[in-house]
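A.B. asks: Provided herewith: entry-v2.cif, mmCIF, C-alpha atoms.
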data_data
#
loop_
_atom_site.label_atom_id
_atom_site.label_comp_id
_atom_site.auth_asym_id
_atom_site.auth_seq_id
_atom_site.Cartn_x
_atom_site.Cartn_y
_atom_site.Cartn_z
CA MET A 1 0.00 0.00 0.00
CA ALA A 2 1.40 3.36 -0.95
CA LEU A 3 1.58 5.73 1.95
CA ASP A 4 0.20 9.16 1.63
CA ASP A 5 0.21 11.86 4.22
CA HIS A 6 -3.30 11.08 5.31
CA ASN A 7 -2.45 7.59 6.45
CA VAL A 8 -0.96 6.97 9.81
CA ILE A 9 2.43 5.30 9.57
CA PRO A 10 1.61 1.61 10.14
CA PHE A 11 2.75 -0.04 13.30
CA ALA A 12 3.91 3.23 14.83
CA ALA A 13 2.16 5.51 17.24
CA PRO A 14 1.52 9.00 15.85
CA HIS A 15 4.71 10.93 16.41
CA ASP A 16 6.04 14.21 15.08
CA GLY A 17 9.71 13.26 15.40
CA GLY A 18 10.51 16.14 17.72
CA ASP A 19 12.20 14.09 20.42
CA ASP A 20 15.81 15.04 19.71
CA PRO A 21 16.56 18.13 21.81
CA ALA A 22 19.86 18.86 20.07
CA PHE A 23 18.27 18.74 16.64
CA GLU A 24 15.30 20.81 17.79
CA ALA A 25 17.68 23.47 19.10
CA ARG A 26 19.49 23.53 15.74
CA LEU A 27 16.19 23.74 13.94
CA LYS A 28 15.04 26.72 16.00
CA ARG A 29 18.37 28.43 15.45
CA ALA A 30 18.26 27.89 11.70
CA LEU A 31 14.69 29.16 11.42
CA ALA A 32 15.47 32.34 13.38
CA VAL A 33 16.67 34.35 10.36
CA PRO A 34 17.48 38.02 11.00
CA VAL A 35 14.59 40.44 10.66
CA PRO A 36 15.34 43.42 8.37
CA ALA A 37 16.11 46.65 10.18
CA GLY A 38 13.28 49.15 10.20
CA LEU A 39 10.57 46.62 9.33
CA ASP A 40 8.21 47.94 12.01
CA GLU A 41 8.65 51.51 10.81
CA ARG A 42 8.00 50.59 7.20
CA VAL A 43 4.91 48.62 8.16
CA LEU A 44 3.53 51.49 10.21
CA LEU A 45 4.39 54.04 7.55
CA ARG A 46 2.51 52.10 4.93
CA GLN A 47 -0.44 51.62 7.23
CA THR A 48 -0.69 55.24 8.36
CA THR A 49 -0.32 56.47 4.78
CA ALA A 50 -3.09 54.15 3.63
CA ALA A 51 -5.29 55.07 6.60
CA ARG A 52 -4.88 58.75 5.77
CA ARG A 53 -5.88 58.21 2.16
CA GLU A 54 -8.87 56.12 3.13
CA ALA A 55 -10.19 58.43 5.86
CA PRO A 56 -13.45 60.06 4.72
CA ARG A 57 -13.62 63.84 4.63
CA ARG A 58 -15.99 65.16 7.16
CA PHE A 59 -17.82 68.44 7.35
CA PRO A 60 -19.04 69.68 10.72
CA GLY A 61 -22.62 68.55 11.08
CA ALA A 62 -23.80 72.00 12.05
CA TRP A 63 -22.45 73.49 8.84
CA ARG A 64 -24.07 70.80 6.72
CA ALA A 65 -27.42 71.60 8.34
CA ALA A 66 -26.87 75.31 7.80
CA ALA A 67 -26.08 74.80 4.13
CA ALA A 68 -29.16 72.65 3.66
CA LEU A 69 -31.33 75.25 5.34
CA ALA A 70 -29.91 78.04 3.19
CA LEU A 71 -30.57 76.07 0.03
CA ALA A 72 -34.07 75.16 1.15
CA LEU A 73 -34.86 78.86 1.70
CA GLY A 74 -33.53 79.61 -1.78
CA GLY A 75 -30.72 81.72 -0.41
CA ALA A 76 -27.08 81.42 -1.27
CA ALA A 77 -24.84 79.75 1.32
CA PHE A 78 -21.97 82.00 2.36
CA TYR A 79 -19.70 79.06 2.93
CA LEU A 80 -19.97 75.29 3.16
CA ALA A 81 -17.49 74.87 5.98
CA ALA A 82 -15.70 77.41 8.08
CA PRO A 83 -11.96 76.81 8.26
CA LYS A 84 -10.78 75.85 11.73
CA PRO A 85 -8.54 78.42 13.34
CA ALA A 86 -4.93 77.40 12.72
CA GLN A 87 -3.46 75.74 15.80
CA ALA A 88 0.08 76.68 16.66
CA LEU A 89 2.66 74.21 15.44
CA PRO A 90 4.48 73.94 18.79
CA GLU A 91 1.25 72.96 20.53
CA LEU A 92 0.49 70.33 17.93
CA ALA A 93 3.99 68.92 18.11
CA VAL A 94 4.01 68.69 21.91
CA ASP A 95 0.56 67.09 21.97
CA HIS A 96 1.53 64.52 19.37
CA THR A 97 4.79 63.68 21.12
CA LEU A 98 3.16 63.24 24.51
CA HIS A 99 -0.02 61.43 23.55
CA HIS A 100 0.39 59.67 20.23
CA GLU A 101 3.88 58.28 19.95
CA PRO A 102 5.50 58.37 23.38
CA TYR A 103 7.66 55.34 22.55
CA ALA A 104 9.36 57.05 19.59
CA THR A 105 12.32 58.27 21.64
CA ALA A 106 13.01 54.81 23.07
CA ARG A 107 14.42 53.28 19.93
CA THR A 108 18.17 52.96 19.75
CA ALA A 109 18.70 51.34 16.35
CA ARG A 110 19.38 53.76 13.51
CA VAL A 111 17.04 53.96 10.58
CA ALA A 112 18.77 53.22 7.28
CA PRO A 113 19.41 56.33 5.18
CA SER A 114 17.50 54.82 2.28
CA GLN A 115 14.43 54.52 4.45
CA VAL A 116 14.80 58.07 5.73
CA ARG A 117 15.07 59.36 2.18
CA ALA A 118 12.10 57.25 1.07
CA LEU A 119 9.88 58.48 3.84
CA PHE A 120 10.74 62.11 3.24
CA ALA A 121 10.01 61.53 -0.43
CA ARG A 122 6.55 60.29 0.46
CA GLY A 123 6.10 63.56 2.29
CA GLY A 124 7.09 65.38 -0.90
CA VAL A 125 10.62 66.29 0.19
CA LEU A 126 13.88 65.38 -1.49
CA LEU A 127 16.90 65.01 0.72
CA ASP A 128 20.28 65.84 -0.74
CA GLU A 129 22.19 64.21 2.06
CA VAL A 130 20.66 62.07 4.74
CA PRO A 131 21.86 62.84 8.25
CA ALA A 132 22.97 59.63 9.86
CA ASP A 133 21.52 59.94 13.32
CA VAL A 134 17.84 59.21 12.71
CA HIS A 135 16.55 56.58 15.13
CA TYR A 136 12.84 56.78 14.47
CA ILE A 137 10.82 58.13 11.60
CA ASN A 138 7.16 58.20 10.68
CA LEU A 139 4.64 60.23 8.72
CA CYS A 140 2.19 61.80 11.15
CA ASP A 141 -0.66 64.27 11.13
CA LEU A 142 -0.06 67.49 13.00
CA GLY A 143 -3.52 68.99 12.92
CA PRO A 144 -4.43 69.39 9.26
CA ASP A 145 -0.86 68.99 8.04
CA LEU A 146 1.21 65.96 7.18
CA SER A 147 4.57 65.94 8.89
CA VAL A 148 7.71 63.87 8.90
CA HIS A 149 8.20 62.96 12.55
CA PHE A 150 11.68 61.75 13.40
CA VAL A 151 13.94 61.34 16.40
CA SER A 152 17.65 62.04 16.58
CA ARG A 153 19.53 60.62 19.52
CA GLN A 154 22.12 63.10 20.73
CA PRO A 155 24.60 63.03 23.63
CA ALA A 156 22.34 65.37 25.60
CA GLY A 157 19.34 63.12 24.94
CA PRO A 158 16.85 62.38 22.18
CA VAL A 159 15.54 65.25 20.10
CA THR A 160 12.12 64.93 18.48
CA LEU A 161 11.75 66.74 15.19
CA TYR A 162 8.80 67.41 12.93
CA TYR A 163 9.26 68.70 9.42
CA VAL A 164 5.99 69.97 7.99
CA PRO A 165 6.21 70.46 4.21
CA GLY A 166 4.19 73.40 2.95
CA ARG A 167 3.50 74.88 6.35
CA LEU A 168 4.47 78.52 6.15
CA GLU A 169 5.71 79.80 9.45
CA SER A 170 6.81 83.43 9.44
CA MET A 171 8.46 83.40 12.82
CA ARG A 172 11.35 81.63 14.39
CA MET A 173 10.49 80.93 17.99
CA ASP A 174 12.01 79.24 21.04
CA PHE A 175 9.46 77.99 23.56
CA ARG A 176 8.85 75.85 26.60
CA GLN A 177 5.78 73.67 27.03
CA ASP A 178 4.83 70.66 29.15
CA GLY A 179 8.40 69.92 30.16
CA PHE A 180 9.81 70.33 26.67
CA VAL A 181 12.21 72.92 25.36
CA GLY A 182 11.34 73.63 21.75
CA ARG A 183 12.19 75.59 18.66
CA SER A 184 9.95 76.28 15.69
CA LEU A 185 11.29 77.85 12.51
CA PRO A 186 10.64 78.18 8.79
CA LEU A 187 12.86 75.81 6.82
CA ALA A 188 13.05 75.17 3.07
CA ARG A 189 9.39 75.20 1.96
CA GLY A 190 8.00 74.17 5.28
CA ALA A 191 8.53 74.37 8.99
CA LEU A 192 10.69 72.50 11.45
CA VAL A 193 9.88 71.96 15.11
CA MET A 194 12.34 70.49 17.57
CA LEU A 195 11.50 69.22 21.05
CA ALA A 196 13.86 67.97 23.73
CA ALA A 197 14.71 68.15 27.40
CA SER A 198 17.27 70.85 26.60
CA ASP A 199 18.24 72.95 23.57
CA THR A 200 21.89 71.85 23.65
CA ASP A 201 21.78 70.30 20.19
CA PHE A 202 19.25 72.58 18.51
CA ASP A 203 21.73 74.83 16.68
CA ARG A 204 23.65 71.92 15.26
CA LEU A 205 20.53 70.01 14.23
CA GLU A 206 19.09 73.12 12.62
CA SER A 207 22.25 73.53 10.54
CA THR A 208 22.29 69.84 9.65
CA TRP A 209 18.70 69.74 8.45
CA ARG A 210 18.92 73.08 6.71
CA ALA A 211 21.69 71.59 4.61
CA ALA A 212 19.87 68.33 4.06
CA LEU A 213 16.50 69.60 2.91
CA ALA A 214 16.17 70.27 -0.77
CA VAL A 215 13.40 72.05 -2.67
CA PRO A 216 10.44 69.69 -3.04
CA PRO A 217 9.70 68.40 -6.52
CA ALA A 218 7.37 70.51 -8.63
CA GLY A 219 3.87 69.36 -9.30
CA MET B 1 -8.65 56.46 16.46
CA ALA B 2 -5.66 57.22 18.70
CA SER B 3 -6.22 54.12 20.80
CA LYS B 4 -6.78 51.93 17.73
CA GLN B 5 -3.52 53.20 16.25
CA ALA B 6 -1.72 52.60 19.52
CA GLN B 7 -3.14 49.08 19.69
CA PHE B 8 -2.01 48.42 16.15
CA ASP B 9 1.44 49.86 16.77
CA ALA B 10 1.87 47.55 19.74
CA LEU B 11 0.62 44.58 17.69
CA VAL B 12 3.15 45.26 14.94
CA ARG B 13 6.06 45.63 17.29
CA ALA B 14 5.16 42.48 19.20
CA THR B 15 4.59 40.20 16.20
CA SER B 16 6.53 41.47 13.18
CA GLY B 17 9.64 39.40 13.88
CA ASP B 18 7.93 36.01 13.98
CA LEU B 19 5.59 36.96 11.16
CA TYR B 20 8.51 37.99 8.95
CA ARG B 21 10.35 34.75 9.67
CA PHE B 22 7.28 32.70 8.84
CA GLY B 23 6.83 34.67 5.63
CA TYR B 24 10.51 34.33 4.77
CA TRP B 25 10.43 30.56 5.00
CA LEU B 26 7.14 30.40 3.17
CA CYS B 27 8.41 32.48 0.25
CA ARG B 28 12.09 31.67 0.62
CA SER B 29 12.76 35.25 -0.35
CA ALA B 30 13.63 38.15 1.97
CA ALA B 31 12.25 40.79 -0.40
CA LEU B 32 8.98 38.96 -0.97
CA ALA B 33 8.64 38.26 2.74
CA ASP B 34 9.07 41.97 3.49
CA ASP B 35 6.34 42.85 1.02
CA LEU B 36 4.13 40.04 2.26
CA VAL B 37 4.40 41.19 5.86
CA GLN B 38 3.52 44.76 4.92
CA GLU B 39 0.46 43.62 2.97
CA THR B 40 -0.54 41.41 5.88
CA TYR B 41 -0.45 44.20 8.39
CA LEU B 42 -2.30 46.51 6.01
CA ARG B 43 -5.14 44.01 5.80
CA ALA B 44 -4.96 43.45 9.53
CA TRP B 45 -5.38 47.19 10.11
CA ARG B 46 -8.50 47.25 7.98
CA SER B 47 -9.93 44.29 9.90
CA LEU B 48 -8.64 45.16 13.34
CA ASP B 49 -12.14 45.55 14.70
CA ASP B 50 -12.73 41.87 13.85
CA LEU B 51 -9.99 40.77 16.24
CA ARG B 52 -11.85 39.92 19.41
CA ASP B 53 -9.28 37.90 21.29
CA THR B 54 -5.92 39.67 21.47
CA ALA B 55 -4.33 36.43 22.67
CA ALA B 56 -5.10 34.98 19.23
CA ALA B 57 -3.60 37.95 17.37
CA LYS B 58 -0.54 36.10 16.14
CA ALA B 59 -2.57 33.20 14.79
CA TRP B 60 -4.93 35.68 13.15
CA LEU B 61 -2.00 37.40 11.45
CA VAL B 62 -0.57 34.09 10.27
CA THR B 63 -3.88 33.25 8.63
CA ILE B 64 -3.93 36.62 6.86
CA LEU B 65 -0.33 36.18 5.76
CA ARG B 66 -1.01 32.72 4.32
CA ARG B 67 -3.94 34.08 2.34
CA GLU B 68 -1.82 36.98 1.08
CA HIS B 69 0.91 34.57 0.10
CA ALA B 70 -1.60 32.50 -1.85
CA ARG B 71 -2.80 35.65 -3.59
CA LEU B 72 0.75 36.81 -4.37
CA PHE B 73 1.88 33.37 -5.40
CA GLU B 74 -0.94 33.19 -7.92
CA ARG B 75 0.46 36.29 -9.59
CA LYS B 76 4.08 35.28 -9.43
CA THR B 77 5.59 32.53 -11.59
CA PRO B 78 6.47 29.50 -9.47
CA ALA B 79 10.17 29.86 -10.24
CA LEU B 80 10.96 29.69 -6.53
CA GLU B 81 9.92 26.05 -6.41
CA SER B 82 12.89 25.19 -8.64
CA LEU B 83 15.16 26.22 -5.79
CA GLU B 84 14.56 22.82 -4.19
CA ASP B 85 16.61 21.23 -6.93
CA ARG B 86 19.43 23.70 -6.78
CA GLU B 87 22.70 22.93 -5.08
CA SER B 88 23.81 26.54 -4.91
CA PRO B 89 22.86 28.78 -2.02
CA LEU B 90 19.40 30.33 -1.97
CA PRO B 91 19.19 33.44 -4.15
CA ASP B 92 16.94 36.37 -3.38
CA ASP B 93 14.41 37.86 -5.77
CA ASP B 94 16.86 40.38 -7.15
CA GLY B 95 19.28 37.63 -8.04
CA ALA B 96 21.74 38.41 -5.27
CA VAL B 97 22.97 35.17 -3.85
CA ARG B 98 22.80 35.05 -0.10
CA ALA B 99 25.55 32.56 0.44
CA PRO B 100 26.17 31.58 4.04
CA ASP B 101 29.37 33.00 5.37
CA ASP B 102 30.69 29.50 5.76
CA GLU B 103 29.40 25.97 5.41
CA SER B 104 28.37 25.88 9.04
CA GLU B 105 25.94 23.28 10.23
CA ASP B 106 23.29 25.95 10.54
CA ALA B 107 23.86 26.98 6.93
CA LEU B 108 23.41 23.38 5.79
CA LEU B 109 20.20 23.09 7.76
CA HIS B 110 19.07 26.45 6.38
CA ARG B 111 19.50 25.13 2.87
CA ALA B 112 17.79 21.84 3.70
CA ILE B 113 14.77 23.64 5.14
CA ALA B 114 14.50 25.82 2.06
CA ARG B 115 14.46 22.71 -0.08
CA LEU B 116 11.68 21.00 1.85
CA ASP B 117 8.48 20.60 -0.07
CA ARG B 118 5.93 23.10 1.17
CA LYS B 119 3.63 20.37 2.49
CA TYR B 120 6.37 19.47 4.98
CA ARG B 121 7.89 22.92 5.45
CA GLU B 122 4.70 24.74 6.36
CA PRO B 123 3.55 22.49 9.23
CA LEU B 124 7.10 22.59 10.58
CA LEU B 125 7.12 26.40 10.49
CA LEU B 126 3.76 26.61 12.21
CA GLN B 127 4.95 24.28 14.93
CA VAL B 128 8.48 25.48 15.55
CA LEU B 129 8.23 29.18 14.65
CA CYS B 130 4.66 29.90 15.69
CA GLY B 131 4.19 27.39 18.50
CA TYR B 132 1.08 25.76 17.03
CA THR B 133 -0.13 22.38 18.29
CA CYS B 134 -0.90 19.66 15.79
CA GLU B 135 -4.58 20.35 16.20
CA GLU B 136 -4.05 24.04 15.48
CA ILE B 137 -1.90 23.26 12.45
CA ALA B 138 -4.57 20.92 11.16
CA ALA B 139 -7.23 23.59 11.56
CA GLU B 140 -5.09 26.15 9.75
CA LEU B 141 -4.19 23.85 6.86
CA GLY B 142 -7.53 22.09 6.56
CA SER B 143 -6.02 18.74 7.45
CA THR B 144 -6.21 16.25 10.29
CA PRO B 145 -3.98 16.14 13.37
CA GLN B 146 -2.76 12.68 12.42
CA ALA B 147 -1.79 13.78 8.93
CA VAL B 148 -0.04 16.82 10.38
CA MET B 149 1.91 14.65 12.76
CA THR B 150 3.01 12.48 9.85
CA GLN B 151 4.10 15.53 7.88
CA LEU B 152 6.07 16.84 10.84
CA PHE B 153 7.75 13.50 11.32
CA ARG B 154 8.65 13.29 7.66
CA ALA B 155 9.86 16.89 7.60
CA ARG B 156 12.31 16.17 10.37
CA GLN B 157 13.39 12.90 8.79
CA LYS B 158 14.03 14.61 5.47
CA LEU B 159 16.08 17.32 7.14
CA LYS B 160 18.17 14.76 9.01
CA VAL B 161 18.73 12.77 5.85
CA ALA B 162 19.70 15.92 3.97
CA LEU B 163 22.16 16.89 6.69
CA ALA B 164 23.66 13.42 6.73
CA GLY B 165 24.04 13.55 2.95
CA ASP B 166 25.74 16.94 3.11
CA ALA B 167 28.03 15.74 5.86
CA ALA B 168 28.94 12.67 3.84
CA GLY B 169 29.61 14.82 0.83
CA ASP B 170 31.93 17.00 2.88
CA ALA B 171 33.73 13.95 4.27
CA HIS B 172 34.34 12.59 0.79
CA GLY B 173 35.29 15.94 -0.67
CA THR B 174 32.47 15.91 -3.18
CA ARG B 175 31.46 19.53 -2.45
#
As structure tokens, how would this structure be written, given the file I've shared?

C.D. replies:
Amino acid sequence: MALDDHNVIPFAAPHDGGDDPAFEARLKRALAVPVPAGLDERVLLRQTTAARREAPRRFPGAWRAAAALALALGGAAFYLAAPKPAQALPELAVDHTLHHEPYATARTARVAPSQVRALFARGGVLLDEVPADVHYINLCDLGPDLSVHFVSRQPAGPVTLYYVPGRLESMRMDFRQDGFVGRSLPLARGALVMLAASDTDFDRLESTWRAALAVPPAG
Amino acid sequence: MASKQAQFDALVRATSGDLYRFGYWLCRSAALADDLVQETYLRAWRSLDDLRDTAAAKAWLVTILRREHARLFERKTPALESLEDRESPLPDDDGAVRAPDDESEDALLHRAIARLDRKYREPLLLQVLCGYTCEEIAAELGSTPQAVMTQLFRARQKLKVALAGDAAGDAHGTR
């Protein structure tokens, strides 16, 4: 009788063969191939990008009712939705750092330059040179704006940075909020915010990223 | 949304390593495994509300990954299967040969695992990498526990035979 895998091996109790501890240890070791660096970040980047694209646009319910009423009365609606007052970038950055990604500063492994460049590119920014000391990077919403959120580990401690392409900030400002020391400034065609326990590394990081950021591609 | 994202972040960080390794050995390609894992988590995100028992999250992800692999494999030519017959080290999708640094015992076993027929390789991965019982493997693969046990037994036997053959080849200088 030809054996197939759905027949029990004759004259032998069902057995999976895993009774050789030395071999099992070798097997586990061989199966434990290295996981590519930055896999988690790439997974989360892809997911957050997709989630952003798939999120439905919402209009405040009150404004929808007002527009419907105006149309029903035959009048012209003045506006369909009032723009929300712009929230200050430092506030948004501090809130995001504290409440949305508090683990971002805990990572110690560096993100590969190719991944840093790729993620900035998805945010519409070309990097001429990629600074080497990026330990975390993600695309995140800061209010209505998409930002590149990254962490640079420095001798004085981790520095959280947000580059917001297209956000026009007229002022350069140093601030303190919720235990953070921060700096917000216009940079390239966007804005950069830095947050840390101290501003020891701010000047150097500002110079580094000013050199690294290129003009975004047209279109 | 913030708590859902935080839950998903934690899920990714807790499971991506094992999921990647399972995908790697399923595809026998690092690049394809990377893509497969990303697609898996994307689908998992969209269905996260369906996950009721967080203790079963890893098994849930494995099921999604296997389905994604089946979907991807249908699009891709089955050239990877020919790797079983190859003597040279396992190449990646881009053609770069990932030769082991030396012919260590682990490298020989690595090659032998890659050459296992999928019907033996997959139950072994589910058991050793993912910690499934025979009953759980049977449920995942649509088989019976007895058949799974036979496949596991044969998988191990084939690996031991392959290692013995490699060792004999080394001893006789045929490699």

A.B. asks: Can you tell me how far atom CA of His69 of chain B sits from atom CA of Ala6 of chain B, in Å to one decimal?

C.D. replies: 26.6 Å

A.B. asks: Would you translate the PyMOL selection byres ((chain B and resi 5) around 12) into the concrete set of residues it matches in this file, as a ChimeraX atom specification?

C.D. replies: /A:44-45,47-48,51-52,99-101,140 /B:1-4,6-12,44-46,48-49

A.B. asks: Compute the chain B side of the contact with chain A at 7 Å, counting all atoms listed in the file, and hand it back as a ChimeraX atom specification.

C.D. replies: /B:2,12-13,16-17,20-21,38,41-42,106,109-110,128,146-147,149-153,156

A.B. asks: Could you work out how far atom CA of Leu89 of chain A lies from atom CA of Pro144 of chain A, giving the answer in Å with one decimal?

C.D. replies: 10.6 Å

A.B. asks: Under the PyMOL selection byres ((chain A and resi 109-118) around 6), which residues of this model are included? Write them out as a list in words.

C.D. replies: Arg107, Thr108, Leu119, Phe120, Ala121, Val130, Val134 and His135 of chain A
